[in-house]
>>> print(open('work_34.pdb').read())   # PDB, C-alpha atoms
ATOM      1  CA  MET A1400       4.328  15.339  21.161
ATOM      2  CA  VAL A1401       2.379  16.905  18.303
ATOM      3  CA  ARG A1402      -1.334  17.752  18.180
ATOM      4  CA  ARG A1403      -3.405  16.691  15.177
ATOM      5  CA  THR A1404      -7.061  17.197  14.394
ATOM      6  CA  ILE A1405      -8.446  14.310  12.390
ATOM      7  CA  SER A1406     -11.863  13.072  11.258
ATOM      8  CA  LEU A1407     -12.895   9.503  12.035
ATOM      9  CA  PRO A1408     -15.912   7.400  11.111
ATOM     10  CA  PRO A1409     -18.105   6.906  14.222
ATOM     11  CA  ALA A1410     -17.458   3.150  14.182
ATOM     12  CA  VAL A1411     -13.691   3.697  14.341
ATOM     13  CA  ASP A1412     -14.126   6.274  17.081
ATOM     14  CA  GLU A1413     -16.121   3.723  19.067
ATOM     15  CA  LYS A1414     -13.359   1.108  18.651
ATOM     16  CA  ILE A1415     -10.726   3.562  19.845
ATOM     17  CA  ARG A1416     -12.843   4.501  22.856
ATOM     18  CA  LYS A1417     -13.068   0.842  23.854
ATOM     19  CA  VAL A1418      -9.272   0.458  23.648
ATOM     20  CA  ALA A1419      -8.884   3.781  25.484
ATOM     21  CA  GLU A1420     -10.701   2.319  28.483
ATOM     22  CA  GLU A1421      -7.726  -0.029  28.910
ATOM     23  CA  GLU A1422      -5.005   2.404  27.815
ATOM     24  CA  GLY A1423      -6.131   5.240  30.040
ATOM     25  CA  SER A1424      -6.452   7.867  27.326
ATOM     26  CA  TYR A1425      -7.750   8.264  23.803
ATOM     27  CA  SER A1426      -4.353   9.455  22.544
ATOM     28  CA  ALA A1427      -2.522   6.497  24.084
ATOM     29  CA  ALA A1428      -5.005   4.139  22.432
ATOM     30  CA  VAL A1429      -4.432   5.741  19.017
ATOM     31  CA  VAL A1430      -0.648   5.551  19.458
ATOM     32  CA  ARG A1431      -0.752   1.859  20.356
ATOM     33  CA  LEU A1432      -3.164   0.911  17.594
ATOM     34  CA  VAL A1433      -1.208   2.765  14.909
ATOM     35  CA  GLU A1434       2.111   1.289  16.083
ATOM     36  CA  GLU A1435       0.669  -2.221  16.112
ATOM     37  CA  GLY A1436      -0.771  -1.721  12.637
ATOM     38  CA  ALA A1437       2.513  -0.364  11.307
ATOM     39  CA  LYS A1438       4.403  -3.258  12.889
ATOM     40  CA  ARG A1439       2.127  -5.805  11.223
ATOM     41  CA  LYS A1440       2.800  -4.147   7.878
ATOM     42  CA  GLY A1441       6.524  -4.058   8.578
ATOM     43  CA  LYS A1442       6.637  -0.297   8.339
ATOM     44  CA  VAL A1443       8.171   0.578  11.659
ATOM     45  CA  ASP A1444      10.482   3.566  11.343
ATOM     46  CA  LEU A1445      14.010   2.625  12.221
ATOM     47  CA  PRO A1446      15.823   4.892  14.663
ATOM     48  CA  ASP A1447      18.399   6.961  12.761
ATOM     49  CA  TRP A1448      21.406   5.473  14.596
ATOM     50  CA  ILE A1449      20.821   2.114  12.955
ATOM     51  CA  GLY A1450      23.233   1.710  10.054
ATOM     52  CA  SER A1451      24.420   5.272  10.431
ATOM     53  CA  GLY A1452      28.152   4.514  10.603
ATOM     54  CA  GLU A1453      30.830   2.172   9.309
ATOM     55  CA  GLY A1454      33.359   0.307  11.402
ATOM     56  CA  PRO A1455      35.415  -2.880  11.130
ATOM     57  CA  ALA A1456      33.407  -5.802   9.734
ATOM     58  CA  ASP A1457      34.242  -7.939  12.772
ATOM     59  CA  LEU A1458      33.610  -5.242  15.399
ATOM     60  CA  SER A1459      30.573  -6.866  17.040
ATOM     61  CA  GLU A1460      32.053 -10.351  16.763
ATOM     62  CA  ASN A1461      35.392  -9.398  18.313
ATOM     63  CA  LEU A1462      34.178  -6.683  20.641
ATOM     64  CA  ASP A1463      36.278  -7.882  23.573
ATOM     65  CA  LYS A1464      39.407  -7.756  21.415
ATOM     66  CA  TYR A1465      38.647  -4.183  20.322
ATOM     67  CA  ILE A1466      37.971  -3.150  23.912
ATOM     68  CA  ARG A1467      41.300  -4.594  25.033
ATOM     69  CA  GLU A1468      43.117  -2.874  22.177
ATOM     70  CA  ALA A1469      41.548   0.462  22.997
ATOM     71  CA  LEU A1470      42.390   0.069  26.658
ATOM     72  CA  ARG A1471      45.983  -0.756  25.774
ATOM     73  CA  ARG A1472      46.176   2.429  23.754
ATOM     74  CA  GLY A1473      45.031   4.210  26.889
ATOM     75  CA  ARG A1474      42.304   6.064  25.071
ATOM     76  CA  ARG A1475      39.482   5.166  27.431
ATOM     77  CA  ARG A1476      37.477   8.296  27.982
TER      78      ARG A1476
ATOM     79  CA  MET B 501       7.861  -8.660  26.205
ATOM     80  CA  ALA B 502      10.909  -6.649  27.199
ATOM     81  CA  VAL B 503      14.229  -7.470  25.546
ATOM     82  CA  VAL B 504      17.387  -6.573  27.471
ATOM     83  CA  ALA B 505      20.205  -5.696  25.075
ATOM     84  CA  ASP B 506      23.878  -6.511  25.343
ATOM     85  CA  SER B 507      26.466  -4.342  23.550
ATOM     86  CA  ALA B 508      27.479  -6.359  20.469
ATOM     87  CA  PRO B 509      24.053  -6.488  18.770
ATOM     88  CA  LEU B 510      23.672  -2.719  19.215
ATOM     89  CA  ILE B 511      27.119  -2.063  17.744
ATOM     90  CA  ALA B 512      26.324  -4.379  14.822
ATOM     91  CA  ALA B 513      23.043  -2.544  14.288
ATOM     92  CA  ALA B 514      24.802   0.831  14.281
ATOM     93  CA  SER B 515      27.587  -0.116  11.864
ATOM     94  CA  ARG B 516      26.346  -0.971   8.383
ATOM     95  CA  SER B 517      29.688  -2.604   7.507
ATOM     96  CA  ASP B 518      29.446  -5.090  10.381
ATOM     97  CA  THR B 519      29.097  -8.728   9.277
ATOM     98  CA  PHE B 520      26.022  -9.074  11.469
ATOM     99  CA  HIS B 521      24.454  -5.706  10.644
ATOM    100  CA  GLN B 522      21.368  -6.985   8.831
ATOM    101  CA  LEU B 523      20.657  -9.541  11.534
ATOM    102  CA  ALA B 524      21.113  -7.003  14.334
ATOM    103  CA  LYS B 525      19.047  -4.394  12.486
ATOM    104  CA  ARG B 526      16.153  -6.838  12.160
ATOM    105  CA  LEU B 527      16.347  -7.832  15.832
ATOM    106  CA  VAL B 528      16.590  -4.283  17.167
ATOM    107  CA  ALA B 529      13.783  -3.111  14.899
ATOM    108  CA  SER B 530      11.508  -5.925  15.965
ATOM    109  CA  ALA B 531      12.122  -5.158  19.647
ATOM    110  CA  GLY B 532      11.512  -1.437  19.085
ATOM    111  CA  ARG B 533      10.381   0.298  22.257
ATOM    112  CA  GLU B 534      10.520  -3.004  24.131
ATOM    113  CA  LEU B 535      14.303  -2.917  23.822
ATOM    114  CA  VAL B 536      15.842  -2.201  27.228
ATOM    115  CA  VAL B 537      19.408  -0.904  27.289
ATOM    116  CA  PRO B 538      21.122  -1.046  30.695
ATOM    117  CA  ASP B 539      23.246   2.014  31.494
ATOM    118  CA  PRO B 540      26.543   0.044  31.515
ATOM    119  CA  VAL B 541      25.666  -1.142  27.989
ATOM    120  CA  VAL B 542      24.896   2.439  26.946
ATOM    121  CA  ALA B 543      28.344   3.503  28.136
ATOM    122  CA  GLU B 544      30.136   0.623  26.419
ATOM    123  CA  VAL B 545      28.306   1.082  23.108
ATOM    124  CA  ASP B 546      28.854   4.853  23.182
ATOM    125  CA  TRP B 547      32.553   4.390  23.873
ATOM    126  CA  MET B 548      33.113   1.717  21.224
ATOM    127  CA  LEU B 549      31.157   3.603  18.548
ATOM    128  CA  ARG B 550      33.350   6.640  19.185
ATOM    129  CA  GLU B 551      36.488   4.471  19.110
ATOM    130  CA  ARG B 552      35.752   2.391  16.024
ATOM    131  CA  VAL B 553      32.802   3.818  14.121
ATOM    132  CA  ASP B 554      32.289   7.566  14.506
ATOM    133  CA  PRO B 555      31.185  10.035  17.154
ATOM    134  CA  ALA B 556      28.129  11.123  15.141
ATOM    135  CA  THR B 557      26.748   7.581  15.245
ATOM    136  CA  ALA B 558      27.354   7.453  18.991
ATOM    137  CA  ARG B 559      25.485  10.723  19.423
ATOM    138  CA  ARG B 560      22.575   9.460  17.308
ATOM    139  CA  PHE B 561      22.420   6.354  19.493
ATOM    140  CA  LEU B 562      22.334   8.438  22.672
ATOM    141  CA  ARG B 563      19.768  10.843  21.226
ATOM    142  CA  SER B 564      17.555   7.938  20.260
ATOM    143  CA  LEU B 565      17.637   6.630  23.814
ATOM    144  CA  ALA B 566      16.954  10.072  25.205
ATOM    145  CA  SER B 567      13.939  10.441  22.935
ATOM    146  CA  GLY B 568      12.463   7.141  24.108
ATOM    147  CA  ALA B 569      12.942   5.063  20.942
ATOM    148  CA  HIS B 570      14.206   2.363  23.316
ATOM    149  CA  GLN B 571      14.179   2.105  27.087
ATOM    150  CA  ARG B 572      17.128   2.760  29.341
ATOM    151  CA  ALA B 573      17.542   0.756  32.527
ATOM    152  CA  THR B 574      19.384   2.331  35.402
ATOM    153  CA  LEU B 575      20.943   0.013  37.956
ATOM    154  CA  SER B 576      19.150   0.530  41.255
ATOM    155  CA  PRO B 577      21.167  -0.393  44.373
ATOM    156  CA  SER B 578      19.515  -3.827  44.458
ATOM    157  CA  LEU B 579      20.131  -4.464  40.744
ATOM    158  CA  PHE B 580      23.738  -3.335  41.114
ATOM    159  CA  ALA B 581      24.123  -5.733  44.042
ATOM    160  CA  ALA B 582      22.538  -8.510  41.960
ATOM    161  CA  ALA B 583      24.943  -7.787  39.096
ATOM    162  CA  CYS B 584      27.911  -7.885  41.475
ATOM    163  CA  ALA B 585      26.663 -11.192  42.894
ATOM    164  CA  ILE B 586      26.380 -12.704  39.407
ATOM    165  CA  ASP B 587      29.877 -11.509  38.540
ATOM    166  CA  GLU B 588      31.216 -13.058  41.733
ATOM    167  CA  ARG B 589      29.274 -16.306  41.297
ATOM    168  CA  TYR B 590      30.853 -16.764  37.887
ATOM    169  CA  ALA B 591      34.253 -15.286  38.723
ATOM    170  CA  ASP B 592      35.955 -17.928  36.552
ATOM    171  CA  LEU B 593      34.166 -16.459  33.504
ATOM    172  CA  ASP B 594      35.293 -12.893  34.310
ATOM    173  CA  LEU B 595      31.943 -11.518  33.098
ATOM    174  CA  GLY B 596      32.346  -7.921  34.194
ATOM    175  CA  LEU B 597      29.648  -5.391  35.002
ATOM    176  CA  VAL B 598      28.155  -5.075  31.515
ATOM    177  CA  ASP B 599      27.204  -8.739  31.055
ATOM    178  CA  ALA B 600      26.268  -9.086  34.712
ATOM    179  CA  ALA B 601      23.991  -6.035  34.524
ATOM    180  CA  VAL B 602      22.198  -7.485  31.495
ATOM    181  CA  MET B 603      21.678 -10.737  33.409
ATOM    182  CA  ALA B 604      20.568  -8.987  36.612
ATOM    183  CA  ILE B 605      17.969  -6.887  34.791
ATOM    184  CA  ALA B 606      16.709  -9.796  32.707
ATOM    185  CA  GLY B 607      16.461 -11.908  35.853
ATOM    186  CA  ALA B 608      14.570  -9.241  37.775
ATOM    187  CA  THR B 609      12.124  -8.502  34.975
ATOM    188  CA  ASP B 610      11.814 -12.000  33.484
ATOM    189  CA  SER B 611      12.900 -10.595  30.131
ATOM    190  CA  VAL B 612      14.431 -12.005  26.982
ATOM    191  CA  ILE B 613      18.094 -11.180  26.305
ATOM    192  CA  LEU B 614      19.544  -9.935  23.025
ATOM    193  CA  THR B 615      23.210 -10.914  22.968
ATOM    194  CA  PHE B 616      25.782 -12.358  20.588
ATOM    195  CA  ASP B 617      27.943 -13.508  23.517
ATOM    196  CA  PHE B 618      26.511 -16.993  23.689
ATOM    197  CA  ALA B 619      29.496 -18.470  25.530
ATOM    198  CA  HIS B 620      29.068 -16.251  28.596
ATOM    199  CA  PHE B 621      25.289 -16.233  28.638
ATOM    200  CA  ARG B 622      25.089 -20.021  28.313
ATOM    201  CA  ALA B 623      27.747 -20.615  30.944
ATOM    202  CA  ALA B 624      26.329 -18.192  33.527
ATOM    203  CA  ALA B 625      22.889 -19.684  34.008
ATOM    204  CA  PRO B 626      20.256 -17.853  36.059
ATOM    205  CA  LYS B 627      19.554 -18.986  39.613
ATOM    206  CA  ARG B 628      16.006 -19.984  38.733
ATOM    207  CA  GLY B 629      15.307 -21.797  35.507
ATOM    208  CA  ARG B 630      17.686 -23.676  33.341
ATOM    209  CA  ALA B 631      18.890 -21.004  30.941
ATOM    210  CA  TRP B 632      18.452 -17.392  29.919
ATOM    211  CA  ARG B 633      15.849 -16.840  27.257
ATOM    212  CA  LEU B 634      17.769 -15.486  24.280
ATOM    213  CA  MET B 635      16.188 -13.549  21.423
ATOM    214  CA  ILE B 636      18.305 -15.533  18.989
ATOM    215  CA  ASP B 637      20.478 -18.543  19.651
ATOM    216  CA  GLU B 638      23.936 -19.483  18.441
ATOM    217  CA  HIS B 639      22.510 -21.650  15.669
ATOM    218  CA  GLU B 640      20.633 -18.768  14.058
ATOM    219  CA  TYR B 641      23.693 -16.551  14.544
ATOM    220  CA  GLU B 642      25.946 -19.076  12.812
ATOM    221  CA  ARG B 643      23.394 -19.588  10.043
ATOM    222  CA  TRP B 644      23.532 -15.860   9.447
ATOM    223  CA  ARG B 645      27.319 -15.903   9.241
ATOM    224  CA  GLY B 646      27.109 -18.675   6.677
ATOM    225  CA  ALA B 647      24.561 -16.755   4.623
ATOM    226  CA  SER B 648      26.322 -13.382   4.736
TER     227      SER B 648
END
>>> encode(input="work_34.pdb", output="structure tokens")
Amino acid sequence: MVRRTISLPPAVDEKIRKVAEEEGSYSAAVVRLVEEGAKRKGKVDLPDWIGSGEGPADLSENLDKYIREALRRGRRR
Amino acid sequence: MAVVADSAPLIAAASRSDTFHQLAKRLVASAGRELVVPDPVVAEVDWMLRERVDPATARRFLRSLASGAHQRATLSPSLFAAACAIDERYADLDLGLVDAAVMAIAGATDSVILTFDFAHFRAAAPKRGRAWRLMIDEHEYERWRGAS
């Protein structure tokens, strides 16, 4: 978690306080509202594991086959 | 709404050369923190990424789970027993623990399932209800194959 000091218009502060009554804390309300807003704009950060490697093109489609092959090679860790 | 993930969509999301990468990427991204990854799935994805993609990608996947980007689901004794019961009920399908764990957790939490293994998940119906609720169905999956 990081700490940030920000300035908000009173009307926005009031909206956050209302959401915070349900969320349990002001910070949790800000987190949820920002994430929902980002999601609506399609700007959710992708976790860095997504698309981070390259394997066979049919790996997900033929996963069982690859598992059997690996087991046959006796390389199960 | 929680989405319980099976292995293949996660592997497709991790590997940018996978035929279904763009589809899986979109699905995983839209689930975000609502994505629930059962521990047996974590182990299978980690193992297969190390086998066929690269260890760095596997480590990124694990780190992402550890940091809370998605949720992990541990099999409690009752969930493990439920998974074993599902596997036994559908012994002719030879589901195994990974698929059965996904079904047990989805059944217990009334969640949607993200899988590409439509044959098993259609054949092994839940006790209550007519079918598992799947995040995408085989028609959308096949449409994607045709478009890619």
>>> closest_residue(input="work_34.pdb", among="B:Arg645, B:His620, B:Lys525, B:Arg628", to="chain A", atoms="only C-alpha atoms")
B:Lys525
>>> closest_residue(input="work_34.pdb", among="B:Asp592, B:Asp546, B:Asp518, B:Asp617", to="chain A", atoms="all atoms listed in the file")
B:Asp518
>>> resolve_selection(input="work_34.pdb", expression="the PyMOL selection byres ((chain B) within 9 of (chain A))", output="PyMOL selection string")
chain B and resi 507-522+525+528-530+532+547-549+551-554+556-564+569+616-617
>>> resolve_selection(input="work_34.pdb", expression="the PyMOL selection byres ((chain B and resi 574) around 9)", output="list in words")
Val537, Pro538, Asp539, Pro540, Arg572, Ala573, Leu575, Ser576 and Leu579 of chain B
>>> write_last_selection(input="work_34.pdb", atoms="C-alpha atoms", output="PDB file, keeping the file's coordinate frame")
ATOM      1  CA  VAL B 537      19.408  -0.904  27.289  1.00  0.00           C
ATOM      2  CA  PRO B 538      21.122  -1.046  30.695  1.00  0.00           C
ATOM      3  CA  ASP B 539      23.246   2.014  31.494  1.00  0.00           C
ATOM      4  CA  PRO B 540      26.543   0.044  31.515  1.00  0.00           C
ATOM      5  CA  ARG B 572      17.128   2.760  29.341  1.00  0.00           C
ATOM      6  CA  ALA B 573      17.542   0.756  32.527  1.00  0.00           C
ATOM      7  CA  LEU B 575      20.943   0.013  37.956  1.00  0.00           C
ATOM      8  CA  SER B 576      19.150   0.530  41.255  1.00  0.00           C
ATOM      9  CA  LEU B 579      20.131  -4.464  40.744  1.00  0.00           C
TER      10      LEU B 579
END
>>> axis_aligned_box(input="work_34.pdb", around="range 1404-1418 of chain A", padding_each_side="6 Å", output="lines of an AutoDock Vina configuration file")
center_x = -12.6
center_y = 8.8
center_z = 17.5
size_x = 23.0
size_y = 28.7
size_z = 24.7
>>> resolve_selection(input="work_34.pdb", expression="the PyMOL selection byres ((chain B and resi 637) around 12)", output="number ranges by chain")
B: 612-619, 621-622, 631-636, 638-644
>>> atom_distance(input="work_34.pdb", atom1="CA of Arg550 in chain B", atom2="CA of Ala601 in chain B")
22.0 Å
>>> atom_distance(input="work_34.pdb", atom1="CA of Val503 in chain B", atom2="CA of Leu535 in chain B")
4.9 Å
>>> atom_distance(input="work_34.pdb", atom1="CA of Val1430 in chain A", atom2="CA of Thr609 in chain B")
24.5 Å
>>> build_atoms(input="work_34.pdb", residues="range 591-608 of chain B", atoms="N, CA and C atoms", output="mmCIF file, in the coordinates of the input")
data_model
loop_
_atom_site.group_PDB
_atom_site.id
_atom_site.type_symbol
_atom_site.label_atom_id
_atom_site.label_comp_id
_atom_site.auth_asym_id
_atom_site.auth_seq_id
_atom_site.Cartn_x
_atom_site.Cartn_y
_atom_site.Cartn_z
ATOM 1 N N ALA B 591 32.957 -15.981 38.771
ATOM 2 C CA ALA B 591 34.253 -15.286 38.723
ATOM 3 C C ALA B 591 35.184 -15.923 37.691
ATOM 4 N N ASP B 592 35.061 -17.249 37.509
ATOM 5 C CA ASP B 592 35.955 -17.928 36.552
ATOM 6 C C ASP B 592 35.682 -17.468 35.118
ATOM 7 N N LEU B 593 34.482 -16.939 34.860
ATOM 8 C CA LEU B 593 34.166 -16.459 33.504
ATOM 9 C C LEU B 593 34.620 -15.019 33.288
ATOM 10 N N ASP B 594 34.889 -14.304 34.390
ATOM 11 C CA ASP B 594 35.293 -12.893 34.310
ATOM 12 C C ASP B 594 34.280 -12.088 33.479
ATOM 13 N N LEU B 595 33.011 -12.156 33.876
ATOM 14 C CA LEU B 595 31.943 -11.518 33.098
ATOM 15 C C LEU B 595 32.102 -10.005 33.010
ATOM 16 N N GLY B 596 32.304 -9.380 34.155
ATOM 17 C CA GLY B 596 32.346 -7.921 34.194
ATOM 18 C C GLY B 596 30.950 -7.342 34.378
ATOM 19 N N LEU B 597 30.910 -6.034 34.643
ATOM 20 C CA LEU B 597 29.648 -5.391 35.002
ATOM 21 C C LEU B 597 28.638 -5.378 33.859
ATOM 22 N N VAL B 598 29.106 -5.219 32.629
ATOM 23 C CA VAL B 598 28.155 -5.075 31.515
ATOM 24 C C VAL B 598 27.307 -6.340 31.356
ATOM 25 N N ASP B 599 27.953 -7.482 31.197
ATOM 26 C CA ASP B 599 27.204 -8.739 31.055
ATOM 27 C C ASP B 599 26.373 -9.016 32.311
ATOM 28 N N ALA B 600 26.970 -8.793 33.464
ATOM 29 C CA ALA B 600 26.268 -9.086 34.712
ATOM 30 C C ALA B 600 25.042 -8.187 34.886
ATOM 31 N N ALA B 601 25.149 -6.953 34.430
ATOM 32 C CA ALA B 601 23.991 -6.035 34.524
ATOM 33 C C ALA B 601 22.865 -6.510 33.607
ATOM 34 N N VAL B 602 23.220 -6.955 32.416
ATOM 35 C CA VAL B 602 22.198 -7.485 31.495
ATOM 36 C C VAL B 602 21.482 -8.663 32.157
ATOM 37 N N MET B 603 22.271 -9.557 32.760
ATOM 38 C CA MET B 603 21.678 -10.737 33.409
ATOM 39 C C MET B 603 20.824 -10.335 34.612
ATOM 40 N N ALA B 604 21.312 -9.398 35.408
ATOM 41 C CA ALA B 604 20.568 -8.987 36.612
ATOM 42 C C ALA B 604 19.221 -8.380 36.231
ATOM 43 N N ILE B 605 19.216 -7.537 35.202
ATOM 44 C CA ILE B 605 17.969 -6.887 34.791
ATOM 45 C C ILE B 605 17.022 -7.902 34.154
ATOM 46 N N ALA B 606 17.560 -8.770 33.326
ATOM 47 C CA ALA B 606 16.709 -9.796 32.707
ATOM 48 C C ALA B 606 16.135 -10.721 33.771
ATOM 49 N N GLY B 607 16.941 -11.041 34.783
ATOM 50 C CA GLY B 607 16.461 -11.908 35.853
ATOM 51 C C GLY B 607 15.367 -11.252 36.674
ATOM 52 N N ALA B 608 15.543 -9.957 36.939
ATOM 53 C CA ALA B 608 14.570 -9.241 37.775
ATOM 54 C C ALA B 608 13.258 -8.982 37.050
#
